[in-house]
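File shown: coords_21.cif. Contents: mmCIF, C-alpha atoms (C1' of nucleotides).
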```cif
data_structure
#
loop_
_atom_site.label_atom_id
_atom_site.label_comp_id
_atom_site.auth_asym_id
_atom_site.auth_seq_id
_atom_site.Cartn_x
_atom_site.Cartn_y
_atom_site.Cartn_z
CA MET A 2 8.53 -4.49 -40.35
CA SER A 3 4.78 -4.35 -39.95
CA THR A 4 2.95 -1.65 -38.06
CA ASP A 5 2.22 -4.04 -35.23
CA ASP A 6 5.86 -4.98 -34.94
CA ARG A 7 6.97 -1.40 -34.78
CA ILE A 8 4.38 -0.60 -32.15
CA LEU A 9 5.26 -3.60 -30.01
CA ALA A 10 8.97 -2.91 -30.25
CA ALA A 11 8.46 0.73 -29.32
CA ALA A 12 6.17 -0.24 -26.47
CA MET A 13 8.76 -2.57 -25.00
CA ARG A 14 11.49 -0.01 -25.44
CA VAL A 15 9.58 2.79 -23.75
CA PHE A 16 8.27 0.45 -21.10
CA GLU A 17 11.78 -0.61 -20.17
CA GLU A 18 13.02 2.95 -20.21
CA VAL A 19 10.49 4.63 -18.02
CA GLY A 20 8.29 2.01 -16.39
CA LEU A 21 4.65 1.17 -16.70
CA ARG A 22 2.94 4.36 -15.69
CA ALA A 23 5.23 6.78 -17.47
CA ALA A 24 4.98 4.74 -20.65
CA THR A 25 2.03 6.72 -21.96
CA THR A 26 0.24 5.74 -25.11
CA ARG A 27 1.16 9.08 -26.65
CA ARG A 28 4.83 8.44 -26.07
CA ILE A 29 4.75 4.88 -27.36
CA ALA A 30 2.96 6.06 -30.48
CA GLU A 31 5.51 8.79 -31.05
CA GLU A 32 8.36 6.34 -30.53
CA ALA A 33 6.80 3.96 -33.04
CA GLY A 34 6.23 6.73 -35.58
CA VAL A 35 2.54 6.00 -35.53
CA ASN A 36 -0.60 7.85 -34.62
CA GLU A 37 -1.82 7.27 -31.10
CA VAL A 38 -5.21 6.15 -32.36
CA THR A 39 -3.62 3.27 -34.21
CA LEU A 40 -2.49 1.80 -30.92
CA PHE A 41 -6.02 1.50 -29.69
CA ARG A 42 -7.40 0.35 -33.01
CA ARG A 43 -4.94 -2.53 -33.15
CA PHE A 44 -4.53 -3.51 -29.51
CA GLY A 45 -7.68 -2.26 -27.82
CA SER A 46 -6.08 -0.85 -24.69
CA LYS A 47 -2.75 0.07 -23.20
CA GLU A 48 -2.84 -2.96 -20.96
CA GLN A 49 -3.40 -5.39 -23.83
CA LEU A 50 -0.66 -3.74 -25.84
CA LEU A 51 1.88 -4.07 -23.08
CA THR A 52 0.80 -7.60 -22.28
CA GLU A 53 1.36 -8.61 -25.88
CA ALA A 54 4.71 -6.84 -25.97
CA MET A 55 5.90 -8.66 -22.88
CA ARG A 56 4.59 -11.96 -24.20
CA ARG A 57 6.77 -11.61 -27.27
CA ARG A 58 9.78 -10.61 -25.27
CA GLN A 59 9.62 -13.54 -22.93
CA ALA A 60 9.22 -16.01 -25.77
CA SER A 61 12.98 -15.98 -26.22
CA ALA A 62 14.77 -16.97 -23.03
CA PRO A 63 18.00 -18.95 -23.03
CA ARG A 64 19.02 -21.62 -20.55
CA LEU A 65 22.09 -20.54 -18.65
CA LEU A 66 22.81 -23.26 -16.13
CA PRO A 67 23.99 -26.66 -17.33
CA GLU A 68 22.11 -29.86 -16.65
CA ALA A 69 25.25 -31.57 -15.39
CA PRO A 70 27.26 -29.18 -13.22
CA ARG A 71 31.03 -29.33 -13.54
CA ASP A 72 32.53 -26.08 -12.28
CA ALA A 73 30.27 -24.27 -9.83
CA GLU A 74 32.32 -21.10 -9.77
CA ALA A 75 32.57 -20.70 -13.54
CA GLU A 76 28.96 -21.63 -14.18
CA LEU A 77 27.60 -19.37 -11.49
CA ARG A 78 29.84 -16.54 -12.60
CA HIS A 79 28.46 -16.76 -16.09
CA TRP A 80 24.94 -16.90 -14.74
CA LEU A 81 25.54 -13.87 -12.54
CA CYS A 82 26.94 -11.77 -15.35
CA VAL A 83 24.19 -12.55 -17.83
CA HIS A 84 21.44 -12.27 -15.29
CA ALA A 85 22.75 -8.99 -13.90
CA ALA A 86 22.97 -7.50 -17.36
CA GLN A 87 19.45 -8.60 -18.26
CA LEU A 88 18.03 -7.33 -15.01
CA ALA A 89 19.75 -3.99 -15.44
CA GLN A 90 18.07 -3.57 -18.78
CA VAL A 91 14.61 -3.99 -17.32
CA ARG A 92 15.11 -2.42 -13.94
CA LEU A 93 12.54 0.32 -14.38
CA LEU A 94 10.07 -2.22 -15.67
CA ILE A 95 10.69 -4.35 -12.60
CA ARG A 96 10.38 -1.40 -10.28
CA SER A 97 7.08 -0.27 -11.68
CA SER A 98 5.72 -3.79 -11.85
CA LEU A 99 6.17 -3.87 -8.09
CA THR A 100 4.22 -0.68 -7.52
CA GLU A 101 1.39 -1.20 -9.96
CA ILE A 102 0.41 -4.68 -8.93
CA ASP A 103 -3.03 -3.60 -7.81
CA ALA A 104 -3.72 -1.50 -10.87
CA HIS A 105 -2.55 -4.07 -13.43
CA PRO A 106 -2.39 -7.46 -11.76
CA LYS A 107 -2.22 -9.60 -14.88
CA LEU A 108 0.41 -7.46 -16.53
CA CYS A 109 2.58 -7.40 -13.44
CA ALA A 110 2.17 -11.13 -12.95
CA ARG A 111 3.53 -11.59 -16.42
CA ALA A 112 6.41 -9.26 -15.68
CA HIS A 113 7.29 -11.39 -12.67
CA GLU A 114 7.30 -14.64 -14.59
CA GLY A 115 10.82 -14.06 -15.84
CA PRO A 116 12.51 -13.54 -12.48
CA ARG A 117 10.47 -16.35 -10.99
CA ARG A 118 11.58 -18.80 -13.61
CA ILE A 119 15.16 -17.69 -13.19
CA ALA A 120 14.98 -18.28 -9.44
CA THR A 121 13.46 -21.70 -9.94
CA GLU A 122 16.16 -22.68 -12.40
CA LEU A 123 18.90 -21.50 -10.09
CA SER A 124 17.38 -23.43 -7.22
CA ALA A 125 17.24 -26.61 -9.30
CA TYR A 126 20.84 -26.10 -10.39
CA LEU A 127 21.95 -25.76 -6.79
CA GLU A 128 20.25 -29.04 -5.97
CA ARG A 129 22.14 -30.70 -8.80
CA LEU A 130 25.31 -29.16 -7.48
CA ALA A 131 24.71 -30.66 -4.06
CA ALA A 132 23.71 -34.02 -5.54
CA ALA A 133 26.93 -34.08 -7.53
CA GLY A 134 28.93 -33.41 -4.39
CA LEU A 135 30.21 -30.10 -5.71
CA CYS A 136 28.91 -28.28 -2.67
CA ASP A 137 27.66 -29.13 0.78
CA PRO A 138 24.16 -30.56 1.12
CA LEU A 139 21.63 -27.74 0.97
CA PRO A 140 18.65 -28.02 3.30
CA ASP A 141 17.02 -25.05 1.54
CA PRO A 142 18.22 -24.60 -2.04
CA ALA A 143 15.44 -22.14 -2.77
CA GLY A 144 16.65 -19.97 0.10
CA ALA A 145 20.18 -20.01 -1.23
CA ALA A 146 18.90 -19.09 -4.68
CA THR A 147 16.93 -16.19 -3.25
CA MET A 148 19.96 -14.91 -1.42
CA LEU A 149 22.07 -14.79 -4.54
CA MET A 150 19.29 -13.27 -6.59
CA GLY A 151 18.62 -10.81 -3.81
CA ALA A 152 22.19 -9.60 -4.00
CA VAL A 153 21.94 -8.98 -7.73
CA PHE A 154 18.54 -7.48 -7.27
CA SER A 155 19.75 -5.09 -4.61
CA GLU A 156 22.68 -3.96 -6.69
CA VAL A 157 20.69 -3.39 -9.83
CA VAL A 158 17.10 -2.59 -8.96
CA ALA A 159 17.41 -1.22 -5.47
CA ARG A 160 20.68 0.62 -6.07
CA PRO A 161 19.47 4.02 -4.81
CA MET A 162 18.72 2.47 -1.44
CA LEU A 163 22.29 1.37 -0.93
CA PRO A 164 25.16 3.46 0.33
CA ASP A 165 27.45 5.02 -2.27
CA GLY A 166 24.55 5.97 -4.38
CA GLU A 167 23.57 5.66 -7.93
CA ALA A 168 26.49 4.38 -9.95
CA PRO A 169 25.27 1.22 -11.71
CA PRO A 170 27.90 -1.51 -11.27
CA ARG A 171 29.09 -3.61 -14.16
CA PRO A 172 27.97 -7.25 -14.17
CA GLU A 173 31.50 -8.55 -13.60
CA GLN A 174 31.84 -6.36 -10.53
CA ILE A 175 28.70 -7.90 -9.13
CA ALA A 176 30.06 -11.37 -9.78
CA ASP A 177 33.38 -10.54 -8.17
CA ARG A 178 31.64 -9.14 -5.17
CA TYR A 179 29.10 -11.81 -4.36
CA LEU A 180 30.33 -15.02 -5.87
CA PRO A 181 33.05 -15.70 -3.25
CA LEU A 182 30.61 -15.07 -0.42
CA PHE A 183 27.98 -17.25 -1.99
CA LEU A 184 30.33 -20.11 -2.76
CA ARG A 185 31.42 -20.18 0.86
CA ALA A 186 27.82 -20.04 2.01
CA ILE A 187 26.99 -23.22 0.11
CA GLY A 188 30.32 -24.85 0.85
CA ALA A 189 31.58 -24.84 -2.71
CA SER A 190 34.50 -22.55 -2.07
CA GLY A 191 37.98 -23.53 -3.18
CA GLY A 192 40.07 -21.51 -0.77
CA ARG A 193 39.59 -19.22 2.20
CA ALA A 194 39.60 -15.46 2.32
CA MET B 28 -2.98 16.22 19.31
CA SER B 29 -2.65 19.24 17.07
CA THR B 30 -4.00 19.47 13.57
CA ASP B 31 -0.52 19.24 12.13
CA ASP B 32 0.22 16.12 14.12
CA ARG B 33 -2.94 14.42 12.98
CA ILE B 34 -2.21 15.32 9.37
CA LEU B 35 1.38 14.12 9.53
CA ALA B 36 0.41 10.89 11.22
CA ALA B 37 -2.30 10.24 8.67
CA ALA B 38 0.05 11.08 5.83
CA MET B 39 2.62 8.60 7.04
CA ARG B 40 -0.02 5.94 7.58
CA VAL B 41 -1.54 6.31 4.13
CA PHE B 42 1.86 6.67 2.53
CA GLU B 43 2.99 3.38 4.02
CA GLU B 44 -0.23 1.64 3.11
CA VAL B 45 -0.49 2.54 -0.54
CA GLY B 46 2.72 4.18 -1.69
CA LEU B 47 3.56 7.63 -2.88
CA ARG B 48 1.36 8.08 -5.90
CA ALA B 49 -1.76 6.46 -4.51
CA ALA B 50 -1.47 8.50 -1.33
CA THR B 51 -3.66 11.29 -2.66
CA THR B 52 -4.17 14.49 -0.74
CA ARG B 53 -7.89 13.75 -0.59
CA ARG B 54 -7.27 10.43 1.07
CA ILE B 55 -4.76 11.77 3.56
CA ALA B 56 -7.17 14.57 4.49
CA GLU B 57 -10.00 12.11 4.96
CA GLU B 58 -7.79 9.84 7.06
CA ALA B 59 -6.80 12.80 9.24
CA GLY B 60 -10.40 13.96 9.62
CA VAL B 61 -9.50 17.27 8.08
CA ASN B 62 -10.47 19.22 5.03
CA GLU B 63 -8.22 18.79 2.05
CA VAL B 64 -7.62 22.52 1.82
CA THR B 65 -6.07 22.51 5.27
CA LEU B 66 -3.29 20.27 4.00
CA PHE B 67 -2.24 22.85 1.48
CA ARG B 68 -2.72 25.79 3.80
CA ARG B 69 -0.42 24.24 6.38
CA PHE B 70 2.15 22.40 4.29
CA GLY B 71 2.07 24.10 0.92
CA SER B 72 2.22 21.02 -1.25
CA LYS B 73 1.92 17.27 -1.14
CA GLU B 74 5.65 16.89 -1.51
CA GLN B 75 6.45 19.15 1.43
CA LEU B 76 3.86 17.38 3.54
CA LEU B 77 5.29 13.96 2.87
CA THR B 78 8.84 15.16 3.31
CA GLU B 79 7.99 16.54 6.73
CA ALA B 80 6.15 13.35 7.65
CA MET B 81 9.14 11.23 6.74
CA ARG B 82 11.49 13.56 8.55
CA ARG B 83 9.57 13.04 11.76
CA ARG B 84 9.42 9.31 11.30
CA GLN B 85 13.13 8.91 10.81
CA ALA B 86 13.92 11.03 13.81
CA SER B 87 13.36 7.98 16.00
CA ALA B 88 15.60 5.11 14.94
CA PRO B 89 17.09 2.67 17.42
CA ARG B 90 20.54 1.15 17.27
CA LEU B 91 20.31 -2.59 16.86
CA LEU B 92 23.84 -3.87 16.59
CA PRO B 93 26.15 -3.71 19.61
CA GLU B 94 29.38 -1.79 19.64
CA ALA B 95 31.27 -4.79 21.02
CA PRO B 96 30.11 -7.97 19.28
CA ARG B 97 29.83 -11.07 21.41
CA ASP B 98 27.53 -13.56 19.75
CA ALA B 99 27.30 -13.03 16.01
CA GLU B 100 24.43 -15.44 15.51
CA ALA B 101 22.23 -14.01 18.25
CA GLU B 102 22.96 -10.41 17.40
CA LEU B 103 22.40 -10.87 13.70
CA ARG B 104 19.24 -12.84 14.33
CA HIS B 105 17.84 -10.01 16.36
CA TRP B 106 18.86 -7.53 13.70
CA LEU B 107 17.25 -9.62 10.97
CA CYS B 108 13.96 -9.96 12.80
CA VAL B 109 13.61 -6.29 13.67
CA HIS B 110 14.80 -5.10 10.30
CA ALA B 111 12.54 -7.49 8.40
CA ALA B 112 9.55 -6.37 10.42
CA GLN B 113 10.30 -2.71 9.87
CA LEU B 114 10.88 -3.19 6.18
CA ALA B 115 7.64 -5.11 5.82
CA GLN B 116 5.77 -2.20 7.32
CA VAL B 117 7.08 0.21 4.73
CA ARG B 118 7.32 -2.06 1.73
CA LEU B 119 4.88 -0.12 -0.42
CA LEU B 120 6.64 3.08 0.48
CA ILE B 121 9.93 1.54 -0.56
CA ARG B 122 8.51 0.21 -3.77
CA SER B 123 7.06 3.51 -4.84
CA SER B 124 10.13 5.42 -3.79
CA LEU B 125 12.01 3.34 -6.34
CA THR B 126 9.62 4.18 -9.16
CA GLU B 127 9.07 7.84 -8.49
CA ILE B 128 12.68 8.88 -8.15
CA ASP B 129 12.51 11.17 -11.15
CA ALA B 130 9.23 12.76 -10.14
CA HIS B 131 10.17 13.40 -6.51
CA PRO B 132 13.93 13.12 -6.16
CA LYS B 133 14.29 14.80 -2.79
CA LEU B 134 11.45 12.89 -1.24
CA CYS B 135 12.74 9.56 -2.50
CA ALA B 136 16.26 10.40 -1.41
CA ARG B 137 14.92 10.89 2.06
CA ALA B 138 13.03 7.60 1.88
CA HIS B 139 16.27 5.84 1.02
CA GLU B 140 18.19 7.32 3.91
CA GLY B 141 16.82 4.75 6.32
CA PRO B 142 17.88 1.63 4.41
CA ARG B 143 21.20 3.24 3.59
CA ARG B 144 21.97 3.95 7.18
CA ILE B 145 20.97 0.42 8.12
CA ALA B 146 23.31 -1.02 5.50
CA THR B 147 26.16 1.17 6.68
CA GLU B 148 25.63 0.14 10.29
CA LEU B 149 25.54 -3.52 9.37
CA SER B 150 28.70 -3.16 7.38
CA ALA B 151 30.46 -1.50 10.29
CA TYR B 152 29.25 -4.23 12.63
CA LEU B 153 30.64 -6.91 10.35
CA GLU B 154 33.99 -5.19 10.39
CA ARG B 155 33.94 -5.22 14.18
CA LEU B 156 33.02 -8.88 14.04
CA ALA B 157 36.04 -9.64 11.90
CA ALA B 158 38.30 -7.48 14.03
CA ALA B 159 37.16 -9.36 17.10
CA GLY B 160 37.99 -12.64 15.43
CA LEU B 161 34.36 -13.76 15.53
CA CYS B 162 34.36 -14.36 11.83
CA ASP B 163 36.87 -14.68 9.01
CA PRO B 164 38.52 -11.52 7.71
CA LEU B 165 36.17 -9.77 5.32
CA PRO B 166 37.73 -8.18 2.25
CA ASP B 167 34.42 -6.52 1.41
CA PRO B 168 32.18 -6.03 4.44
CA ALA B 169 29.87 -3.72 2.51
CA GLY B 170 29.31 -6.48 -0.01
CA ALA B 171 28.45 -8.95 2.71
CA ALA B 172 26.06 -6.42 4.23
CA THR B 173 24.37 -5.90 0.90
CA MET B 174 23.94 -9.62 0.42
CA LEU B 175 22.17 -10.06 3.71
CA MET B 176 20.03 -6.99 3.21
CA GLY B 177 19.29 -8.13 -0.31
CA ALA B 178 17.91 -11.38 1.02
CA VAL B 179 15.56 -9.58 3.38
CA PHE B 180 14.72 -7.10 0.70
CA SER B 181 13.84 -9.82 -1.77
CA GLU B 182 11.66 -11.64 0.68
CA VAL B 183 9.78 -8.59 1.82
CA VAL B 184 9.73 -6.00 -0.94
CA ALA B 185 10.21 -8.12 -4.04
CA ARG B 186 8.09 -11.03 -2.83
CA PRO B 187 5.82 -11.19 -5.92
CA MET B 188 8.87 -11.77 -8.08
CA LEU B 189 9.84 -14.91 -6.22
CA PRO B 190 8.43 -18.38 -6.71
CA ASP B 191 5.64 -19.46 -4.36
CA GLY B 192 4.00 -16.15 -4.62
CA GLU B 193 2.59 -13.64 -2.28
CA ALA B 194 2.55 -15.04 1.22
CA PRO B 195 4.50 -12.58 3.36
CA PRO B 196 6.93 -14.53 5.54
CA ARG B 197 7.29 -13.87 9.25
CA PRO B 198 10.53 -12.22 10.35
CA GLU B 199 11.69 -15.33 12.24
CA GLN B 200 11.25 -17.40 9.11
CA ILE B 201 13.50 -15.02 7.24
CA ALA B 202 16.11 -15.26 9.97
CA ASP B 203 15.94 -19.05 10.00
CA ARG B 204 16.30 -19.15 6.27
CA TYR B 205 19.20 -16.82 5.65
CA LEU B 206 21.15 -16.61 8.84
CA PRO B 207 22.85 -20.03 8.52
CA LEU B 208 23.85 -19.32 4.94
CA PHE B 209 25.16 -15.91 5.81
CA LEU B 210 27.12 -17.08 8.84
CA ARG B 211 28.86 -19.66 6.72
CA ALA B 212 29.55 -17.06 4.04
CA ILE B 213 31.45 -14.88 6.50
CA GLY B 214 32.99 -17.82 8.30
CA ALA B 215 31.15 -17.30 11.56
CA SER B 216 29.25 -20.54 11.46
CA GLY B 217 29.25 -22.82 14.47
CA GLY B 218 28.48 -26.14 12.79
CA ARG B 219 28.05 -27.47 9.30
CA ALA B 220 24.85 -28.21 7.42
"C1'" DC C 26 -12.64 2.22 -62.13
"C1'" DG C 27 -14.62 1.60 -57.52
"C1'" DC C 28 -14.45 -0.43 -53.19
"C1'" DG C 29 -12.71 -1.31 -48.71
"C1'" DG C 30 -9.27 -1.79 -45.17
"C1'" DG C 31 -5.56 0.49 -42.83
"C1'" DT C 32 -3.93 4.76 -41.35
"C1'" DG C 33 -3.54 9.87 -40.16
"C1'" DC C 34 -5.48 13.90 -38.05
"C1'" DA C 35 -8.02 16.96 -35.03
"C1'" DA C 36 -10.93 17.22 -31.57
"C1'" DG C 37 -13.02 15.84 -27.68
"C1'" DC C 38 -14.76 13.13 -23.49
"C1'" DG C 39 -14.52 11.80 -18.79
"C1'" DG C 40 -11.94 11.15 -14.87
"C1'" DG C 41 -8.36 11.89 -11.47
"C1'" DC C 42 -5.05 14.66 -9.68
"C1'" DA C 43 -2.64 18.75 -7.12
"C1'" DC C 44 -3.77 23.01 -6.04
"C1'" DT C 45 -6.62 27.66 -5.68
"C1'" DT C 46 -10.28 30.86 -4.50
"C1'" DG C 47 -14.01 33.05 -2.02
"C1'" DC C 48 -16.78 32.88 1.62
"C1'" DA C 49 -18.95 31.22 5.91
"C1'" DT C 50 -18.07 29.41 10.50
"C1'" DT C 51 -15.96 28.62 14.89
"C1'" DC C 52 -13.29 29.83 18.76
"C1'" DG C 53 -9.82 31.78 21.89
"C1'" DG C 54 -7.63 35.98 23.68
"C1'" DC C 55 -7.82 40.88 24.35
"C1'" DG D 16 -18.12 41.65 22.94
"C1'" DC D 17 -15.11 41.81 19.25
"C1'" DC D 18 -11.23 40.79 16.33
"C1'" DG D 19 -8.39 37.70 13.98
"C1'" DA D 20 -6.55 33.28 13.16
"C1'" DA D 21 -7.64 28.63 12.02
"C1'" DT D 22 -10.69 25.69 9.74
"C1'" DG D 23 -14.65 23.99 6.83
"C1'" DC D 24 -17.04 23.98 2.49
"C1'" DA D 25 -18.18 24.27 -2.44
"C1'" DA D 26 -16.63 25.22 -6.55
"C1'" DG D 27 -13.37 25.64 -9.88
"C1'" DT D 28 -8.69 25.58 -12.67
"C1'" DG D 29 -5.39 23.36 -15.32
"C1'" DC D 30 -3.08 19.38 -16.41
"C1'" DC D 31 -2.49 14.69 -18.06
"C1'" DC D 32 -4.19 10.43 -18.97
"C1'" DG D 33 -6.64 6.50 -21.51
"C1'" DC D 34 -9.74 6.21 -24.89
"C1'" DT D 35 -13.39 7.60 -28.57
"C1'" DT D 36 -15.35 9.82 -32.66
"C1'" DG D 37 -15.76 11.57 -37.23
"C1'" DC D 38 -13.70 12.39 -41.25
"C1'" DA D 39 -10.18 12.44 -44.75
"C1'" DC D 40 -6.69 10.09 -47.22
"C1'" DC D 41 -3.96 6.54 -49.52
"C1'" DC D 42 -3.36 2.28 -51.71
"C1'" DG D 43 -3.92 -2.40 -53.28
"C1'" DC D 44 -7.21 -5.55 -55.28
"C1'" DG D 45 -11.26 -6.99 -57.82
#
```

If you convert what's in this file into C-alpha cells, what do you get?
Amino acid sequence: MSTDDRILAAAMRVFEEVGLRAATTRRIAEEAGVNEVTLFRRFGSKEQLLTEAMRRRQASAPRLLPEAPRDAEAELRHWLCVHAAQLAQVRLLIRSSLTEIDAHPKLCARAHEGPRRIATELSAYLERLAAAGLCDPLPDPAGAATMLMGAVFSEVVARPMLPDGEAPPRPEQIADRYLPLFLRAIGASGGRA
Amino acid sequence: MSTDDRILAAAMRVFEEVGLRAATTRRIAEEAGVNEVTLFRRFGSKEQLLTEAMRRRQASAPRLLPEAPRDAEAELRHWLCVHAAQLAQVRLLIRSSLTEIDAHPKLCARAHEGPRRIATELSAYLERLAAAGLCDPLPDPAGAATMLMGAVFSEVVARPMLPDGEAPPRPEQIADRYLPLFLRAIGASGGRA
DNA sequence: CGCGGGTGCAAGCGGGCACTTGCATTCGGC
DNA sequence: GCCGAATGCAAGTGCCCGCTTGCACCCGCG
C-alpha cells in the first residue's frame, strides 16, 4: 500500500468519523502513520486531499434498483436497507457537508453527488414501477422519492432531532417502519393496515 | 430595549443566519451595537449567551394542530406551511446543531427540543385522527410523523443534497408536493391520483 | 560510490477564535 | 456634586488550525 493510498484511506476514515472541520490534517496524518508535512507535500492542501479521497470513494457505487421492476416491496426493502446502512456510515460527513457549504463549496458539492444520484435513481425506478402498473400513476415521482429518502435521512442523519433520542436504528427497522407507509402512498400496497 | 435584550436578539439573528460556529462573539457584538467585552461581562461565555437566546426564543411556540380533528387535509396543510416556514428560517441553526453536538451538547440539545416537540405533537394528532376515524388505524403514528417531517426536513434543511439544487421551495409548494402522498399513506385521502 | 527523490522532524508563521485585563468614560441616584 | 455601576476601548493571552521552511536521513538507481 503506497503512502498516498494510506493517506487517502485515513483521510476518508477520519472524515467519516468526525466530519470535515474536525478532520484536522494532524489527525489524518497520525491516523495514516505519516508526518503531517507529507500530506501537504503530496496533496497541496487539506481541501485537495479530501476531494481526492471522496473522488476515489465514489468511484465504486453499485446499482441497487432493477431495470425491470417485479416486486416493489422486496426491491424497495433491499434498497432501503442498503441505503440506510451506507448513509449511517457517512452521517457525520453528510452533516458537516451541510454546514460547511460556504467554506468548501466544491468539496461539499462532491459530497452531495452521492445522495443526489441515489434520489435520481429512485425516482426513475418509481416511474418504471408506475409504467409497469405495479403502483398507481405518480404525478410527481421525484416528490415520492424525496419523501422516502427524507424518512431514511431523518432517522439516520437527523436522529438527535427526533423524539426518543440517540439510539441509531438498524436498517431493517427503518425498512419495517417506512416501507408499508410508502407503499400505500404510491398505491403499491398489498393489504391494508 | 435593554442592553441584554439587544444582545440576545442579535445573537439569535446571527445564529440563525450563519450557524453556531460562524456566529462569532465579535459579529454578535457588532450586530447588537455593543462592545464585544460586554457580551462576556453579561453572559459569561458564548455558550451561555446562545443558550439563553434560544431559551427565550422557544418560550413562544404556538399550537398548530387542533385537539379535535375535523379536516385532516386542511389541518395538515396549515401545519405543513407554518412548520416549513419556521424550519426554513432556522435551517442553518439546525444544520450546525447537528455537527456541533459533541462540542456543545447542551446547546444542541436545546436546539433539538423544538423539532422534537413538533414531531411529538404531530404524532399525537395523527393518533387522534385515527381515533376519530378520519384515517386508517395507524400501527406506528410516530413513524408516520417522522416521514412527513422528514420530507419537510429534506426539502428545507438538506436541500443541497437533493437533485435540482439549491432553490428553496415555498411552503405551499412543499404542502402541495407531500400532502397527497402522505394522506394516502395514512388512508385519509379523499380521491385517487 | 554519489546522486536525488521521498520522507521525517522540529520549529515556526499567520490568522481566527473565545476570553481577559486595565483603564477611561458616561450616567443615574443619593 | 459625588459615588458606583455599566459600558467602551485597546491590548493581549492562549489555543488550534492550515500551511511553510530548513535540515537531516534513508534508500534505490546509475

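All of the residues in chain A within 12 Å of chain C are Ser3, Thr4, Asp5, Gly34, Val35, Asn36, Glu37, Val38, Thr39, Leu40, Arg42 and Arg43 of chain A, where all atoms listed in the file were counted.
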
Would you give me, as a tab-separated table, each residue of chain B having an atom within 6 Å of an atom of chain A, along with its shortest atom pair and that distance in Å to one decimal, using all atoms listed in the file and sorting by chain and residue number?
```
residue	atom	partner	partner_atom	distance
B:Arg122	CA	A:Thr100	CA	5.8
B:Ser123	CA	A:Thr100	CA	5.7
B:Thr126	CA	A:Ser97	CA	5.7
B:His139	CA	A:Met162	CA	4.8
B:Pro142	CA	A:Met162	CA	6.0
B:Arg143	CA	A:Leu163	CA	5.0
B:Met174	CA	A:Ala152	CA	4.8
B:Gly177	CA	A:Gly151	CA	4.5
B:Ala178	CA	A:Met148	CA	4.8
B:Ser181	CA	A:Gly151	CA	5.3
B:Met188	CA	A:His113	CA	4.9
B:Leu189	CA	A:Arg117	CA	5.0
B:Pro190	CA	A:Arg117	CA	5.2
B:Leu208	CA	A:Ala186	CA	5.0
B:Arg211	CA	A:Ala186	CA	4.8
B:Ala212	CA	A:Ala186	CA	4.0
```

Return as number ranges by chain the residues belonging to chain D that are within 9 Å of chain B, counting all atoms listed in the file.
-> D: 22-24

A straight line from atom CA of B:Ala88 to atom CA of B:Leu114 spans 13.0 Å

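Residue selection for this entry, given the PyMOL selection byres ((chain A and resi 70) around 12), comprises Leu65, Leu66, Pro67, Glu68, Ala69, Arg71, Asp72, Ala73, Glu74, Ala75, Glu76, Leu77, Leu123, Ala125, Tyr126, Leu127, Glu128, Arg129, Leu130, Ala131, Ala132, Ala133, Gly134, Leu135 and Cys136 of chain A.
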
Which neighbours of A:Glu32 fall inside 9 Å, counting all atoms listed in the file, when residues of the same chain fewer than 4 positions from it are skipped, and could you give them as a list in words?
-> Arg7, Ile8, Ala11, Ala12, Arg14, Val15, Arg27 and Arg28 of chain A

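Between atom CA of B:Glu44 and atom CA of B:Arg90 lies a distance of 25.1 Å.
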
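Here atom CA of B:Gln200 stands at a distance of 10.0 Å from atom CA of B:Ala111.
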
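Around stretch 29-45 of chain D, within 8 Å and counting all atoms listed in the file, the residues found are Thr25, Thr26, Phe41, Ser46 and Lys47 of chain A; DG33 and DC38 of chain C, once anything fewer than 2 positions away on its own chain is removed.
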